[in-house]
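Have a look at the structure below, then the notes.
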Amino acid sequence: MSKESDFQEILENGINFGRGGERKDPNEGKVKTKAKKKKYITGAHGSGSAKQKAKYREQRANRHKK
């Protein structure tokens, strides 16, 4: 392309600095987990390992309380 046709194209279309194309999903690629939900923290959903982890969390929370 010649400089004149580049200049004409800029006049007609404006300058694109690479923004505004496709918007990416902010949650794309993230792993969804239930580990921080209340039922899992308290062990209320029925899993034996979750109940055991909840017991350890409770013991750790009460460790320095008198």
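Every chain in the structure tokens has a letter given in the order shown (A, B, ...), and although residue numbers restart at 1 in each chain, ligands are simply numbered from 1 in the order shown.
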
| Hey, what does DSSP flag as alpha helix (DSSP H) within chain A? Can you give it to me as a ChimeraX atom specification? | /A:3-13,38-42,48-61

For the residues in the current selection, export N, CA, C and O atoms as a short mmCIF file (atom, residue, chain, number, x, y, z; two decimals), in the first residue's frame.
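See result-v8.cif below for the written result:
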data_model
loop_
_atom_site.label_atom_id
_atom_site.label_comp_id
_atom_site.auth_asym_id
_atom_site.auth_seq_id
_atom_site.Cartn_x
_atom_site.Cartn_y
_atom_site.Cartn_z
N LYS A 3 1.51 5.34 0.78
CA LYS A 3 1.25 6.22 1.92
C LYS A 3 -0.07 6.96 1.74
O LYS A 3 -0.79 7.18 2.71
N GLU A 4 -0.40 7.31 0.51
CA GLU A 4 -1.65 8.04 0.26
C GLU A 4 -2.86 7.15 0.54
O GLU A 4 -3.85 7.62 1.12
N SER A 5 -2.81 5.87 0.16
CA SER A 5 -3.95 4.99 0.41
C SER A 5 -4.06 4.68 1.91
O SER A 5 -5.17 4.55 2.43
N ASP A 6 -2.91 4.57 2.60
CA ASP A 6 -2.95 4.38 4.06
C ASP A 6 -3.59 5.58 4.72
O ASP A 6 -4.43 5.45 5.61
N PHE A 7 -3.20 6.78 4.27
CA PHE A 7 -3.74 8.01 4.84
C PHE A 7 -5.24 8.10 4.57
O PHE A 7 -6.02 8.46 5.46
N GLN A 8 -5.66 7.73 3.38
CA GLN A 8 -7.09 7.77 3.03
C GLN A 8 -7.87 6.77 3.89
O GLN A 8 -8.96 7.07 4.35
N GLU A 9 -7.30 5.60 4.09
CA GLU A 9 -7.97 4.59 4.92
C GLU A 9 -8.12 5.09 6.36
O GLU A 9 -9.16 4.89 6.99
N ILE A 10 -7.09 5.74 6.90
CA ILE A 10 -7.17 6.29 8.25
C ILE A 10 -8.23 7.37 8.33
O ILE A 10 -9.00 7.44 9.29
N LEU A 11 -8.31 8.21 7.31
CA LEU A 11 -9.33 9.26 7.29
C LEU A 11 -10.74 8.66 7.28
O LEU A 11 -11.64 9.16 7.95
N GLU A 12 -10.92 7.59 6.53
CA GLU A 12 -12.24 6.99 6.39
C GLU A 12 -12.63 6.15 7.61
O GLU A 12 -13.76 6.19 8.07
N ASN A 13 -11.68 5.39 8.17
CA ASN A 13 -12.01 4.41 9.22
C ASN A 13 -11.52 4.79 10.60
O ASN A 13 -11.92 4.16 11.58
N LYS A 38 -20.24 -22.76 52.75
CA LYS A 38 -20.49 -23.03 54.17
C LYS A 38 -20.73 -24.52 54.45
O LYS A 38 -20.20 -25.05 55.41
N LYS A 39 -21.51 -25.19 53.62
CA LYS A 39 -21.79 -26.60 53.88
C LYS A 39 -20.53 -27.44 53.88
O LYS A 39 -20.39 -28.38 54.65
N TYR A 40 -19.59 -27.11 53.00
CA TYR A 40 -18.36 -27.88 52.94
C TYR A 40 -17.43 -27.54 54.10
O TYR A 40 -16.73 -28.39 54.60
N ILE A 41 -17.42 -26.27 54.51
CA ILE A 41 -16.56 -25.88 55.62
C ILE A 41 -17.04 -26.51 56.92
O ILE A 41 -16.25 -26.96 57.75
N THR A 42 -18.37 -26.59 57.11
CA THR A 42 -18.91 -27.15 58.35
C THR A 42 -19.05 -28.67 58.28
O THR A 42 -19.37 -29.29 59.29
N GLY A 48 -17.40 -37.82 54.77
CA GLY A 48 -16.62 -38.11 55.97
C GLY A 48 -15.37 -37.26 56.07
O GLY A 48 -15.03 -36.78 57.14
N SER A 49 -14.70 -37.06 54.94
CA SER A 49 -13.48 -36.26 54.98
C SER A 49 -13.79 -34.80 55.29
O SER A 49 -13.03 -34.13 55.98
N ALA A 50 -14.93 -34.32 54.81
CA ALA A 50 -15.31 -32.93 55.10
C ALA A 50 -15.64 -32.77 56.58
O ALA A 50 -15.32 -31.74 57.18
N LYS A 51 -16.27 -33.78 57.16
CA LYS A 51 -16.58 -33.70 58.59
C LYS A 51 -15.28 -33.69 59.41
O LYS A 51 -15.16 -32.95 60.39
N GLN A 52 -14.32 -34.49 58.99
CA GLN A 52 -13.04 -34.54 59.69
C GLN A 52 -12.29 -33.20 59.54
O GLN A 52 -11.76 -32.68 60.51
N LYS A 53 -12.31 -32.64 58.32
CA LYS A 53 -11.66 -31.34 58.11
C LYS A 53 -12.35 -30.26 58.94
O LYS A 53 -11.69 -29.38 59.49
N ALA A 54 -13.68 -30.32 59.03
CA ALA A 54 -14.42 -29.34 59.82
C ALA A 54 -14.04 -29.46 61.30
O ALA A 54 -13.91 -28.45 62.00
N LYS A 55 -13.84 -30.71 61.75
CA LYS A 55 -13.42 -30.92 63.13
C LYS A 55 -12.07 -30.28 63.38
O LYS A 55 -11.86 -29.59 64.38
N TYR A 56 -11.12 -30.47 62.44
CA TYR A 56 -9.79 -29.88 62.59
C TYR A 56 -9.84 -28.36 62.55
O TYR A 56 -9.14 -27.68 63.28
N ARG A 57 -10.70 -27.80 61.68
CA ARG A 57 -10.84 -26.35 61.61
C ARG A 57 -11.36 -25.80 62.93
O ARG A 57 -10.91 -24.76 63.40
N GLU A 58 -12.34 -26.50 63.51
CA GLU A 58 -12.91 -26.06 64.78
C GLU A 58 -11.85 -26.12 65.89
O GLU A 58 -11.74 -25.20 66.70
N GLN A 59 -11.07 -27.19 65.91
CA GLN A 59 -10.02 -27.32 66.91
C GLN A 59 -8.98 -26.21 66.76
O GLN A 59 -8.53 -25.62 67.74
N ARG A 60 -8.63 -25.90 65.52
CA ARG A 60 -7.65 -24.85 65.28
C ARG A 60 -8.20 -23.47 65.67
O ARG A 60 -7.49 -22.66 66.23
N ALA A 61 -9.47 -23.25 65.41
CA ALA A 61 -10.09 -21.96 65.76
C ALA A 61 -10.17 -21.78 67.26
O ALA A 61 -10.05 -20.67 67.76
#

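Our summary of the geometry notes that atom CA of A:Lys37 is positioned 26.8 Å from atom CA of A:Lys24.
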